[in-house]
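target.tsv, holding TSV, C-alpha atoms and all ligand atoms:
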chain	number	residue	atom	x	y	z
M	1	MET	CA	-134.30	22.97	139.72
M	2	ALA	CA	-135.03	26.52	140.94
M	3	ALA	CA	-136.60	28.98	138.51
M	4	VAL	CA	-134.11	30.83	136.33
M	5	ALA	CA	-134.77	34.45	135.33
M	6	LEU	CA	-132.60	36.44	132.95
M	7	VAL	CA	-132.75	40.23	133.11
M	8	GLN	CA	-131.13	41.88	130.11
M	9	GLY	CA	-130.08	45.48	130.87
M	10	ALA	CA	-129.61	44.97	134.61
M	11	SER	CA	-126.96	47.58	135.45
M	12	ARG	CA	-129.44	50.22	136.64
M	13	GLY	CA	-133.00	51.51	136.40
M	14	LEU	CA	-135.86	49.09	135.86
M	15	GLY	CA	-133.64	46.10	135.03
M	16	LEU	CA	-131.72	46.36	138.32
M	17	GLU	CA	-135.03	46.65	140.18
M	18	PHE	CA	-136.35	43.47	138.54
M	19	CYS	CA	-133.25	41.65	139.80
M	20	LYS	CA	-133.83	42.95	143.36
M	21	HIS	CA	-137.48	41.95	143.24
M	22	ILE	CA	-136.86	38.41	141.98
M	23	LEU	CA	-134.17	37.89	144.62
M	24	SER	CA	-136.71	38.79	147.29
M	25	PHE	CA	-139.00	35.83	146.36
M	26	LYS	CA	-139.52	33.24	149.06
M	27	ALA	CA	-139.05	30.45	146.49
M	28	PRO	CA	-135.39	30.57	145.49
M	29	ALA	CA	-134.79	31.77	141.94
M	30	ALA	CA	-131.50	32.13	140.12
M	31	VAL	CA	-130.96	35.49	138.45
M	32	ILE	CA	-128.82	35.92	135.37
M	33	ALA	CA	-128.18	39.65	135.12
M	34	THR	CA	-126.68	40.88	131.87
M	35	CYS	CA	-125.18	44.30	131.22
M	36	ARG	CA	-122.75	45.77	128.73
M	37	ASN	CA	-120.12	46.80	131.29
M	38	PRO	CA	-120.06	44.52	134.35
M	39	GLU	CA	-117.00	46.32	135.82
M	40	GLY	CA	-118.88	49.62	135.82
M	41	ALA	CA	-122.17	48.16	137.13
M	42	THR	CA	-121.41	48.82	140.79
M	43	ASP	CA	-125.01	48.66	142.07
M	44	LEU	CA	-125.50	45.31	140.37
M	45	ALA	CA	-122.20	44.02	141.81
M	46	ALA	CA	-123.34	45.12	145.30
M	47	LEU	CA	-126.67	43.30	144.83
M	48	ALA	CA	-124.86	40.14	143.71
M	49	ALA	CA	-122.61	40.36	146.80
M	50	GLN	CA	-125.71	40.51	149.04
M	51	HIS	CA	-127.01	37.25	147.50
M	52	PRO	CA	-124.01	34.95	147.22
M	53	GLY	CA	-124.40	32.17	144.65
M	54	ARG	CA	-127.72	33.43	143.30
M	55	VAL	CA	-126.70	36.07	140.76
M	56	THR	CA	-124.69	35.37	137.62
M	57	VAL	CA	-123.52	38.55	135.91
M	58	LEU	CA	-122.75	38.23	132.19
M	59	LYS	CA	-121.53	40.83	129.72
M	60	VAL	CA	-124.09	41.48	126.98
M	61	ASP	CA	-124.10	44.57	124.81
M	62	VAL	CA	-127.48	43.90	123.23
M	63	SER	CA	-126.36	45.53	119.98
M	64	ARG	CA	-123.66	42.81	119.59
M	65	GLU	CA	-124.88	39.46	118.32
M	66	ASP	CA	-121.67	37.71	119.44
M	67	ASP	CA	-122.24	38.83	123.05
M	68	ILE	CA	-125.78	37.42	122.99
M	69	LYS	CA	-124.68	34.16	121.40
M	70	GLY	CA	-121.84	33.77	123.90
M	71	ALA	CA	-124.14	34.45	126.88
M	72	ALA	CA	-126.64	31.85	125.64
M	73	GLU	CA	-123.84	29.27	125.44
M	74	VAL	CA	-122.77	30.03	129.04
M	75	VAL	CA	-126.38	29.86	130.31
M	76	LYS	CA	-126.95	26.56	128.46
M	77	LYS	CA	-123.89	25.02	130.12
M	78	SER	CA	-124.58	26.40	133.61
M	79	PHE	CA	-128.37	26.17	133.84
M	80	GLY	CA	-129.69	24.23	130.81
M	81	LYS	CA	-132.90	26.30	130.80
M	82	VAL	CA	-134.43	29.75	131.36
M	83	ASP	CA	-137.97	30.32	132.69
M	84	LEU	CA	-138.27	34.09	132.19
M	85	ILE	CA	-136.39	36.66	130.11
M	86	ILE	CA	-136.94	40.37	130.63
M	87	ASN	CA	-135.46	42.63	127.97
M	88	SER	CA	-135.26	45.91	129.86
M	89	SER	CA	-132.37	47.77	128.20
M	90	ALA	CA	-133.10	50.72	125.93
M	91	MET	CA	-131.95	54.17	124.98
M	92	LEU	CA	-134.06	57.22	124.26
M	93	HIS	CA	-131.58	58.36	121.63
M	94	PRO	CA	-127.76	58.40	121.48
M	95	THR	CA	-127.88	62.16	122.28
M	96	GLY	CA	-129.95	61.45	125.43
M	97	LYS	CA	-132.84	63.53	124.07
M	98	GLY	CA	-135.73	62.47	121.86
M	99	GLU	CA	-136.08	64.32	118.54
M	100	THR	CA	-138.56	67.18	118.76
M	101	GLY	CA	-138.93	67.35	114.97
M	102	LEU	CA	-137.36	66.29	111.68
M	103	ARG	CA	-134.42	68.68	112.11
M	104	ASP	CA	-133.19	66.54	115.00
M	105	VAL	CA	-133.33	63.27	113.03
M	106	SER	CA	-130.08	61.63	111.95
M	107	ALA	CA	-129.76	58.31	110.17
M	108	GLN	CA	-127.11	57.10	112.63
M	109	GLY	CA	-129.16	58.13	115.66
M	110	ALA	CA	-132.22	56.28	114.36
M	111	ILE	CA	-130.22	53.18	113.43
M	112	SER	CA	-128.48	52.98	116.84
M	113	THR	CA	-131.80	53.36	118.66
M	114	LEU	CA	-133.47	50.69	116.53
M	115	ILE	CA	-130.58	48.25	116.99
M	116	THR	CA	-130.51	48.61	120.78
M	117	ASN	CA	-134.25	48.79	121.45
M	118	ALA	CA	-135.73	46.45	118.86
M	119	VAL	CA	-133.11	44.33	117.08
M	120	GLY	CA	-131.31	43.40	120.31
M	121	PRO	CA	-134.37	41.84	122.00
M	122	LEU	CA	-135.18	39.98	118.76
M	123	VAL	CA	-131.67	38.50	118.62
M	124	MET	CA	-131.99	37.61	122.33
M	125	ALA	CA	-135.07	35.55	121.40
M	126	LYS	CA	-133.17	33.84	118.60
M	127	TYR	CA	-130.44	32.51	120.90
M	128	PHE	CA	-132.44	32.03	124.12
M	129	SER	CA	-135.70	30.51	122.81
M	130	PRO	CA	-134.26	26.94	122.87
M	131	LEU	CA	-133.50	27.47	126.58
M	132	LEU	CA	-136.96	28.94	127.21
M	133	GLN	CA	-138.44	25.83	125.58
M	134	LYS	CA	-136.65	23.82	128.27
M	135	GLY	CA	-138.15	25.94	131.07
M	136	SER	CA	-140.61	24.58	133.58
M	137	GLY	CA	-143.13	27.39	133.08
M	138	LEU	CA	-143.11	27.87	136.82
M	139	PHE	CA	-142.25	31.35	137.89
M	140	GLY	CA	-143.06	33.55	140.82
M	141	GLN	CA	-146.54	32.86	142.12
M	142	GLN	CA	-147.90	31.22	138.94
M	143	PRO	CA	-150.38	28.45	139.69
M	144	LEU	CA	-149.37	25.07	138.28
M	145	GLU	CA	-152.29	24.71	135.86
M	146	LYS	CA	-151.40	28.02	134.18
M	147	ALA	CA	-147.73	27.24	134.14
M	148	LYS	CA	-148.33	23.98	132.29
M	149	GLN	CA	-149.49	25.90	129.23
M	150	HIS	CA	-146.07	27.33	128.53
M	151	SER	CA	-142.44	26.54	129.25
M	152	GLY	CA	-141.09	30.08	129.37
M	153	ILE	CA	-141.89	33.78	129.10
M	154	ILE	CA	-140.30	36.63	127.14
M	155	VAL	CA	-141.09	40.11	128.41
M	156	ASN	CA	-140.05	42.98	126.17
M	157	ILE	CA	-140.21	46.28	128.02
M	158	THR	CA	-141.96	48.69	125.68
M	159	ALA	CA	-143.36	52.20	126.13
M	160	ARG	CA	-146.76	53.77	125.60
M	161	VAL	CA	-145.16	56.12	123.04
M	162	GLY	CA	-144.67	53.02	120.87
M	163	SER	CA	-148.43	52.74	120.43
M	164	ILE	CA	-149.40	54.08	116.97
M	165	GLY	CA	-153.03	54.39	118.05
M	166	ASP	CA	-152.10	56.42	121.13
M	167	ASN	CA	-149.78	58.85	119.30
M	168	ALA	CA	-151.31	62.32	119.30
M	169	LEU	CA	-148.17	64.38	120.01
M	170	GLY	CA	-145.54	63.25	117.48
M	171	GLY	CA	-141.81	63.75	118.05
M	172	TRP	CA	-139.31	61.18	119.39
M	173	TYR	CA	-139.13	59.52	115.95
M	174	SER	CA	-136.37	57.02	116.72
M	175	TYR	CA	-137.61	55.91	120.15
M	176	ARG	CA	-141.24	55.61	119.03
M	177	MET	CA	-140.23	53.68	115.90
M	178	SER	CA	-137.99	51.37	117.93
M	179	LYS	CA	-140.79	50.46	120.35
M	180	VAL	CA	-143.25	49.89	117.48
M	181	ALA	CA	-140.69	47.53	115.93
M	182	LEU	CA	-140.17	45.85	119.32
M	183	ASN	CA	-143.92	45.32	119.65
M	184	MET	CA	-144.03	43.72	116.20
M	185	ALA	CA	-141.19	41.42	117.28
M	186	THR	CA	-143.24	40.47	120.37
M	187	ARG	CA	-146.26	39.65	118.22
M	188	ASN	CA	-144.24	37.67	115.66
M	189	LEU	CA	-142.41	35.76	118.41
M	190	SER	CA	-145.68	34.91	120.11
M	191	ILE	CA	-146.85	33.30	116.86
M	192	GLU	CA	-143.68	31.36	116.05
M	193	LEU	CA	-142.92	30.30	119.63
M	194	GLY	CA	-146.61	29.65	120.40
M	195	ARG	CA	-146.92	26.94	117.75
M	196	GLY	CA	-146.68	23.37	118.93
M	197	ARG	CA	-145.14	22.46	122.27
M	198	PRO	CA	-143.46	23.59	124.40
M	199	LYS	CA	-144.87	27.10	124.00
M	200	VAL	CA	-143.04	30.30	124.89
M	201	LEU	CA	-145.30	33.19	125.89
M	202	CYS	CA	-144.25	36.68	124.69
M	203	VAL	CA	-145.59	40.05	125.81
M	204	SER	CA	-144.61	43.72	125.70
M	205	LEU	CA	-145.03	45.60	128.98
M	206	HIS	CA	-145.11	49.37	129.51
M	207	PRO	CA	-143.71	50.31	132.95
M	208	GLY	CA	-145.18	53.82	133.23
M	209	THR	CA	-143.00	56.93	133.37
M	210	LEU	CA	-140.11	56.12	135.67
M	211	ASN	CA	-137.83	58.12	137.90
M	212	THR	CA	-134.77	56.87	135.99
M	213	ASP	CA	-132.08	58.34	133.77
M	214	LEU	CA	-133.81	57.51	130.47
M	215	SER	CA	-136.64	60.01	130.88
M	216	ARG	CA	-134.92	62.36	133.39
M	217	PRO	CA	-134.73	65.39	131.02
M	218	TYR	CA	-138.56	65.31	130.84
M	219	HIS	CA	-139.52	64.69	134.49
M	220	ARG	CA	-140.39	68.30	135.21
M	221	ASN	CA	-143.36	67.96	132.82
M	222	VAL	CA	-144.70	64.85	134.59
M	223	PRO	CA	-147.20	65.19	137.49
M	224	LYS	CA	-145.66	63.76	140.68
M	225	ASP	CA	-148.22	60.97	141.01
M	226	LYS	CA	-147.49	59.85	137.41
M	227	LEU	CA	-143.72	59.56	137.93
M	228	PHE	CA	-143.17	56.06	139.31
M	229	SER	CA	-140.35	54.64	141.36
M	230	THR	CA	-138.86	51.51	139.83
M	231	GLN	CA	-140.12	49.54	142.88
M	232	HIS	CA	-143.71	50.62	142.23
M	233	SER	CA	-143.48	49.73	138.55
M	234	VAL	CA	-141.82	46.35	139.09
M	235	GLU	CA	-144.42	45.31	141.68
M	236	HIS	CA	-147.17	45.96	139.13
M	237	LEU	CA	-145.29	44.38	136.22
M	238	MET	CA	-144.49	41.23	138.23
M	239	ALA	CA	-148.19	40.94	139.13
M	240	ILE	CA	-148.98	40.99	135.40
M	241	ILE	CA	-146.26	38.40	134.70
M	242	ASP	CA	-147.72	36.18	137.44
M	243	SER	CA	-151.16	36.39	135.86
M	244	LEU	CA	-150.09	35.61	132.28
M	245	ASN	CA	-151.45	32.67	130.37
M	246	ILE	CA	-151.00	31.67	126.75
M	247	ASP	CA	-154.17	33.54	125.67
M	248	LYS	CA	-152.49	36.78	126.69
M	249	SER	CA	-149.43	36.16	124.52
M	250	GLY	CA	-148.59	38.50	121.63
M	251	LYS	CA	-150.06	41.62	123.22
M	252	ALA	CA	-148.87	44.76	124.98
M	253	TYR	CA	-149.99	45.72	128.48
M	254	ALA	CA	-149.46	48.81	130.59
M	255	TRP	CA	-148.29	48.64	134.24
M	256	ASP	CA	-151.95	48.66	135.42
M	257	GLY	CA	-152.82	45.57	133.35
M	258	SER	CA	-154.76	47.44	130.65
M	259	GLU	CA	-154.08	46.36	127.07
M	260	LEU	CA	-152.22	48.92	124.96
M	261	PRO	CA	-153.49	49.57	121.45
M	262	TRP	CA	-150.91	48.86	118.73
T	301	LIG	N1	-137.83	55.68	132.10
T	301	LIG	C1	-139.06	55.82	131.64
T	301	LIG	O1	-139.76	56.80	131.92
T	301	LIG	C2	-139.62	54.74	130.75
T	301	LIG	C3	-140.94	54.90	130.26
T	301	LIG	C4	-141.46	53.91	129.43
T	301	LIG	C5	-140.69	52.81	129.11
T	301	LIG	N2	-139.41	52.71	129.59
T	301	LIG	C6	-138.63	51.53	129.20
T	301	LIG	O2	-138.22	50.87	130.38
T	301	LIG	C7	-136.99	50.17	130.12
T	301	LIG	C8	-136.00	50.46	131.21
T	301	LIG	O3	-135.62	51.81	131.11
T	301	LIG	P1	-135.00	52.58	132.36
T	301	LIG	O4	-135.94	53.64	132.73
T	301	LIG	O5	-134.57	51.57	133.36
T	301	LIG	O6	-133.72	53.24	131.68
T	301	LIG	P2	-132.28	53.59	132.27
T	301	LIG	O7	-132.33	53.78	133.74
T	301	LIG	O8	-131.75	54.67	131.40
T	301	LIG	O9	-131.47	52.24	132.01
T	301	LIG	C9	-131.20	51.84	130.69
T	301	LIG	C10	-130.52	50.50	130.76
T	301	LIG	O10	-130.30	50.04	129.43
T	301	LIG	C11	-128.96	49.62	129.34
T	301	LIG	N3	-128.47	49.68	127.97
T	301	LIG	C12	-128.50	50.71	127.10
T	301	LIG	N4	-127.92	50.35	125.94
T	301	LIG	C13	-127.52	49.05	126.09
T	301	LIG	C14	-126.88	48.12	125.26
T	301	LIG	N5	-126.49	48.43	124.01
T	301	LIG	N6	-126.64	46.87	125.73
T	301	LIG	C15	-127.02	46.52	126.97
T	301	LIG	N7	-127.62	47.38	127.82
T	301	LIG	C16	-127.87	48.62	127.38
T	301	LIG	C17	-128.21	50.57	130.27
T	301	LIG	O11	-126.94	50.04	130.55
T	301	LIG	P3	-125.65	50.99	130.91
T	301	LIG	O12	-125.69	51.17	132.40
T	301	LIG	O13	-124.50	50.19	130.44
T	301	LIG	O14	-125.82	52.28	130.17
T	301	LIG	C18	-129.16	50.57	131.46
T	301	LIG	O15	-129.01	49.40	132.24
T	301	LIG	C19	-136.57	50.59	128.72
T	301	LIG	O16	-136.92	49.58	127.79
T	301	LIG	C20	-137.36	51.86	128.47
T	301	LIG	O17	-137.58	52.08	127.09
T	301	LIG	C21	-138.88	53.62	130.41
For this file, write the structure as structure tokens.
Ligand SMILES: NC(=O)c1ccc[n+]([C@@H]2O[C@H](COP(=O)([O-])OP(=O)(O)OC[C@H]3O[C@@H](n4cnc5c(N)ncnc54)[C@H](OP(=O)(O)O)[C@@H]3O)[C@@H](O)[C@H]2O)c1
Amino acid sequence: MAAVALVQGASRGLGLEFCKHILSFKAPAAVIATCRNPEGATDLAALAAQHPGRVTVLKVDVSREDDIKGAAEVVKKSFGKVDLIINSSAMLHPTGKGETGLRDVSAQGAISTLITNAVGPLVMAKYFSPLLQKGSGLFGQQPLEKAKQHSGIIVNITARVGSIGDNALGGWYSYRMSKVALNMATRNLSIELGRGRPKVLCVSLHPGTLNTDLSRPYHRNVPKDKLFSTQHSVEHLMAIIDSLNIDKSGKAYAWDGSELPW
């Protein structure tokens, strides 16, 4: 059976670009693209129309456990396995702006950000890990001997600002905390899902600063050569995914392949 990739948060930005990239593979791969509002995801609908029979769009608001559980049941019935999951969805903050200091912090803002960015991907792993354990481990250009070491891959899209060791500027409390929590989920998952066989490999990947809505209010402060298109970022991230083996599980990597300090 063809490889099956699930991109969570596929309506726009990096997630949509991952779908485009995977659909361009020579080896046919099925794409399950989840988003919280399929009717409003017009770019995703157009992409699905360009690739008849290869894209399954499912409604998943990642903050809703029932949505995730329901999607896993549909995927189990339709595909019986998943080879790769990319958790791409995130918010900077419900206001659209990161906190500059404590005065901007609100309990509700922090909780919403944590639920979407960290709890959601963890709950995804809960319901989809049995399907990843049924994966073939073959994805993209992975050589067979590497692929044999694991049945599936979870990629949690993180951010450099979620590195405690790298934090010299402060601010953005909720977003930073959510990505730290996401990274801990990646590490914990790599341990639990890396025991025994079949193994599921889990990594956090930082895509660089992207020309997307999430960071748009801050783009004027970013040098042009450091503001990446989603195409540029996905090409690099897919090269990392292709090169993964079980020894690399439980870590965070930046778009250029360098390991991020926790
Ligand atoms: N942009 C950057 O500079 C940058 C830098 C470092 C890391 N990242 C990370 O890269 C990833 C992709 O970000 P992006 O730049 O593509 O952001 P984006 O263009 O703002 O897209 C965010 C995506 O997340 C989805 N989303 C938000 N809340 C959701 C929820 N509750 N359930 C399901 N989907 C939800 C959005 O769906 P709707 O269309 O329904 O809103 C949208 O598809 C994120 O994890 C982000 O933290 C981005």
Which residues are near ligand LIG 301 (chain T) - at most 7 Å, using all atoms listed in the file? Format: as a PDB file with C-alpha atoms, keeping the file's coordinate frame.
ATOM      1  CA  GLN M   8    -131.130  41.880 130.110  1.00  0.00           C
ATOM      2  CA  GLY M   9    -130.080  45.480 130.870  1.00  0.00           C
ATOM      3  CA  ALA M  10    -129.610  44.970 134.610  1.00  0.00           C
ATOM      4  CA  SER M  11    -126.960  47.580 135.450  1.00  0.00           C
ATOM      5  CA  ARG M  12    -129.440  50.220 136.640  1.00  0.00           C
ATOM      6  CA  GLY M  13    -133.000  51.510 136.400  1.00  0.00           C
ATOM      7  CA  LEU M  14    -135.860  49.090 135.860  1.00  0.00           C
ATOM      8  CA  GLY M  15    -133.640  46.100 135.030  1.00  0.00           C
ATOM      9  CA  CYS M  35    -125.180  44.300 131.220  1.00  0.00           C
ATOM     10  CA  ARG M  36    -122.750  45.770 128.730  1.00  0.00           C
ATOM     11  CA  ASN M  37    -120.120  46.800 131.290  1.00  0.00           C
ATOM     12  CA  ALA M  41    -122.170  48.160 137.130  1.00  0.00           C
ATOM     13  CA  VAL M  60    -124.090  41.480 126.980  1.00  0.00           C
ATOM     14  CA  ASP M  61    -124.100  44.570 124.810  1.00  0.00           C
ATOM     15  CA  VAL M  62    -127.480  43.900 123.230  1.00  0.00           C
ATOM     16  CA  SER M  63    -126.360  45.530 119.980  1.00  0.00           C
ATOM     17  CA  SER M  88    -135.260  45.910 129.860  1.00  0.00           C
ATOM     18  CA  SER M  89    -132.370  47.770 128.200  1.00  0.00           C
ATOM     19  CA  ALA M  90    -133.100  50.720 125.930  1.00  0.00           C
ATOM     20  CA  MET M  91    -131.950  54.170 124.980  1.00  0.00           C
ATOM     21  CA  LEU M  92    -134.060  57.220 124.260  1.00  0.00           C
ATOM     22  CA  THR M 116    -130.510  48.610 120.780  1.00  0.00           C
ATOM     23  CA  ASN M 117    -134.250  48.790 121.450  1.00  0.00           C
ATOM     24  CA  ILE M 157    -140.210  46.280 128.020  1.00  0.00           C
ATOM     25  CA  THR M 158    -141.960  48.690 125.680  1.00  0.00           C
ATOM     26  CA  ALA M 159    -143.360  52.200 126.130  1.00  0.00           C
ATOM     27  CA  ARG M 160    -146.760  53.770 125.600  1.00  0.00           C
ATOM     28  CA  HIS M 206    -145.110  49.370 129.510  1.00  0.00           C
ATOM     29  CA  PRO M 207    -143.710  50.310 132.950  1.00  0.00           C
ATOM     30  CA  GLY M 208    -145.180  53.820 133.230  1.00  0.00           C
ATOM     31  CA  THR M 209    -143.000  56.930 133.370  1.00  0.00           C
ATOM     32  CA  LEU M 210    -140.110  56.120 135.670  1.00  0.00           C
ATOM     33  CA  ASN M 211    -137.830  58.120 137.900  1.00  0.00           C
ATOM     34  CA  THR M 212    -134.770  56.870 135.990  1.00  0.00           C
ATOM     35  CA  ASP M 213    -132.080  58.340 133.770  1.00  0.00           C
ATOM     36  CA  LEU M 214    -133.810  57.510 130.470  1.00  0.00           C
ATOM     37  CA  SER M 215    -136.640  60.010 130.880  1.00  0.00           C
TER      38      SER M 215
END
Within 8 Å of range 186-196 of chain M: each range 117-180 of chain M residue with its shortest pair, only C-alpha atoms, as CSV:
residue,atom,partner,partner_atom,distance
M:Ala125,CA,M:Leu189,CA,7.9
M:Ser129,CA,M:Leu193,CA,7.9
M:Asn156,CA,M:Thr186,CA,7.1
Point to revise | Contacts of Leu237 in chain M within 9 Å, only C-alpha atoms, excl. fewer than 5 positions in-chain, as number ranges by chain | key: M: 205-207, 232, 242, 254-257
Go ahead and save the residues from that selection, with C-alpha atoms, as a PDB file, in the coordinates of the input.
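So the final result, stored in result35.pdb, reads:
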ATOM      1  CA  LEU M 205    -145.030  45.600 128.980  1.00  0.00           C
ATOM      2  CA  HIS M 206    -145.110  49.370 129.510  1.00  0.00           C
ATOM      3  CA  PRO M 207    -143.710  50.310 132.950  1.00  0.00           C
ATOM      4  CA  HIS M 232    -143.710  50.620 142.230  1.00  0.00           C
ATOM      5  CA  ASP M 242    -147.720  36.180 137.440  1.00  0.00           C
ATOM      6  CA  ALA M 254    -149.460  48.810 130.590  1.00  0.00           C
ATOM      7  CA  TRP M 255    -148.290  48.640 134.240  1.00  0.00           C
ATOM      8  CA  ASP M 256    -151.950  48.660 135.420  1.00  0.00           C
ATOM      9  CA  GLY M 257    -152.820  45.570 133.350  1.00  0.00           C
TER      10      GLY M 257
END
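Minimum atom-to-atom distance to Tyr127 in chain M, evaluated using all atoms listed in the file, belongs to M:Glu65 out of M:Glu65, M:Ile164, M:Ile22, M:Thr95.
Between CA of Thr56 in chain M and CA of Val203 in chain M there is a distance of 24.5 Å.
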Point to revise | Residues within 6 Å of (-149.5, 28.2, 127.0), file coords, all atoms listed in the file, listed as JSON, numbers by chain | key: {"M": [149, 150, 199, 245, 246]}
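Only residues having an atom at most 12 Å from (-138.8, 52.3, 144.0) are included; using all atoms listed in the file, these are Gly13, Leu14, Leu16, Glu17, Phe18, Lys20, His21, Leu210, Asn211, Thr212, Leu227, Phe228, Ser229, Thr230, Gln231, His232, Ser233, Val234, Glu235 and His236 of chain M.
Shortest separation to Val180 in chain M among M:Gly165, M:Gly70, M:Gly80, M:Pro223 occurs at residue M:Gly165, atoms counted being all atoms listed in the file.
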Practice item. May I ask for the distance between CA of Asp247 in chain M and CA of Gln133 in chain M, given in Å to one decimal place? Key: 17.5 Å
Check your understanding: How far is it from CA of Ala30 in chain M to CA of Val123 in chain M, in Å with one decimal?
Key -> 22.4 Å
Exercise for review: Could you give me, as a ChimeraX atom specification, the residues within 9 Å of Ala71 in chain M, counting all atoms listed in the file and dropping anything in the same chain fewer than 5 positions from it?
Suggested key: /M:34,58-60,66,76,127
**Study point:** Nearest candidate to Pro121 in chain M (options M:Ser204, M:Ser163, M:Thr100, M:Ser249; using only C-alpha atoms)
**Key:** M:Ser204
For range 84-90 of chain M of the structure just presented, write all heavy atoms to a file, as a PDB file, in the first residue's frame.
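Contents of the output file result.pdb:
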ATOM      1  N   LEU M  84       3.488   8.706   8.476  1.00  0.00           N
ATOM      2  CA  LEU M  84       4.083   9.978   8.933  1.00  0.00           C
ATOM      3  C   LEU M  84       2.969  10.904   9.395  1.00  0.00           C
ATOM      4  O   LEU M  84       1.968  11.072   8.689  1.00  0.00           O
ATOM      5  CB  LEU M  84       4.828  10.632   7.758  1.00  0.00           C
ATOM      6  CG  LEU M  84       5.313  12.078   7.941  1.00  0.00           C
ATOM      7  CD1 LEU M  84       6.467  12.150   8.936  1.00  0.00           C
ATOM      8  CD2 LEU M  84       5.762  12.669   6.600  1.00  0.00           C
ATOM      9  N   ILE M  85       3.148  11.487  10.574  1.00  0.00           N
ATOM     10  CA  ILE M  85       2.226  12.549  11.033  1.00  0.00           C
ATOM     11  C   ILE M  85       3.028  13.822  11.244  1.00  0.00           C
ATOM     12  O   ILE M  85       4.082  13.794  11.909  1.00  0.00           O
ATOM     13  CB  ILE M  85       1.509  12.163  12.345  1.00  0.00           C
ATOM     14  CG1 ILE M  85       0.460  11.092  12.058  1.00  0.00           C
ATOM     15  CG2 ILE M  85       0.853  13.386  12.991  1.00  0.00           C
ATOM     16  CD1 ILE M  85      -0.415  10.737  13.241  1.00  0.00           C
ATOM     17  N   ILE M  86       2.556  14.908  10.686  1.00  0.00           N
ATOM     18  CA  ILE M  86       3.179  16.212  10.926  1.00  0.00           C
ATOM     19  C   ILE M  86       2.156  17.080  11.649  1.00  0.00           C
ATOM     20  O   ILE M  86       1.091  17.376  11.102  1.00  0.00           O
ATOM     21  CB  ILE M  86       3.611  16.869   9.602  1.00  0.00           C
ATOM     22  CG1 ILE M  86       4.644  15.993   8.886  1.00  0.00           C
ATOM     23  CG2 ILE M  86       4.180  18.276   9.861  1.00  0.00           C
ATOM     24  CD1 ILE M  86       4.973  16.428   7.471  1.00  0.00           C
ATOM     25  N   ASN M  87       2.464  17.445  12.884  1.00  0.00           N
ATOM     26  CA  ASN M  87       1.612  18.381  13.623  1.00  0.00           C
ATOM     27  C   ASN M  87       2.125  19.784  13.347  1.00  0.00           C
ATOM     28  O   ASN M  87       3.133  20.207  13.922  1.00  0.00           O
ATOM     29  CB  ASN M  87       1.674  18.083  15.128  1.00  0.00           C
ATOM     30  CG  ASN M  87       0.847  16.873  15.500  1.00  0.00           C
ATOM     31  OD1 ASN M  87      -0.347  16.819  15.218  1.00  0.00           O
ATOM     32  ND2 ASN M  87       1.486  15.890  16.122  1.00  0.00           N
ATOM     33  N   SER M  88       1.441  20.490  12.447  1.00  0.00           N
ATOM     34  CA  SER M  88       1.936  21.812  12.034  1.00  0.00           C
ATOM     35  C   SER M  88       1.155  22.954  12.680  1.00  0.00           C
ATOM     36  O   SER M  88       1.671  24.059  12.814  1.00  0.00           O
ATOM     37  CB  SER M  88       1.854  21.934  10.499  1.00  0.00           C
ATOM     38  OG  SER M  88       2.468  23.120  10.079  1.00  0.00           O
ATOM     39  N   SER M  89      -0.090  22.708  13.078  1.00  0.00           N
ATOM     40  CA  SER M  89      -0.933  23.818  13.547  1.00  0.00           C
ATOM     41  C   SER M  89      -0.356  24.472  14.800  1.00  0.00           C
ATOM     42  O   SER M  89       0.294  23.807  15.614  1.00  0.00           O
ATOM     43  CB  SER M  89      -2.348  23.326  13.864  1.00  0.00           C
ATOM     44  OG  SER M  89      -2.314  22.535  15.030  1.00  0.00           O
ATOM     45  N   ALA M  90      -0.581  25.753  14.934  1.00  0.00           N
ATOM     46  CA  ALA M  90      -0.203  26.475  16.154  1.00  0.00           C
ATOM     47  C   ALA M  90      -0.782  27.874  16.097  1.00  0.00           C
ATOM     48  O   ALA M  90      -1.187  28.341  15.031  1.00  0.00           O
ATOM     49  CB  ALA M  90       1.317  26.566  16.297  1.00  0.00           C
TER      50      ALA M  90
END
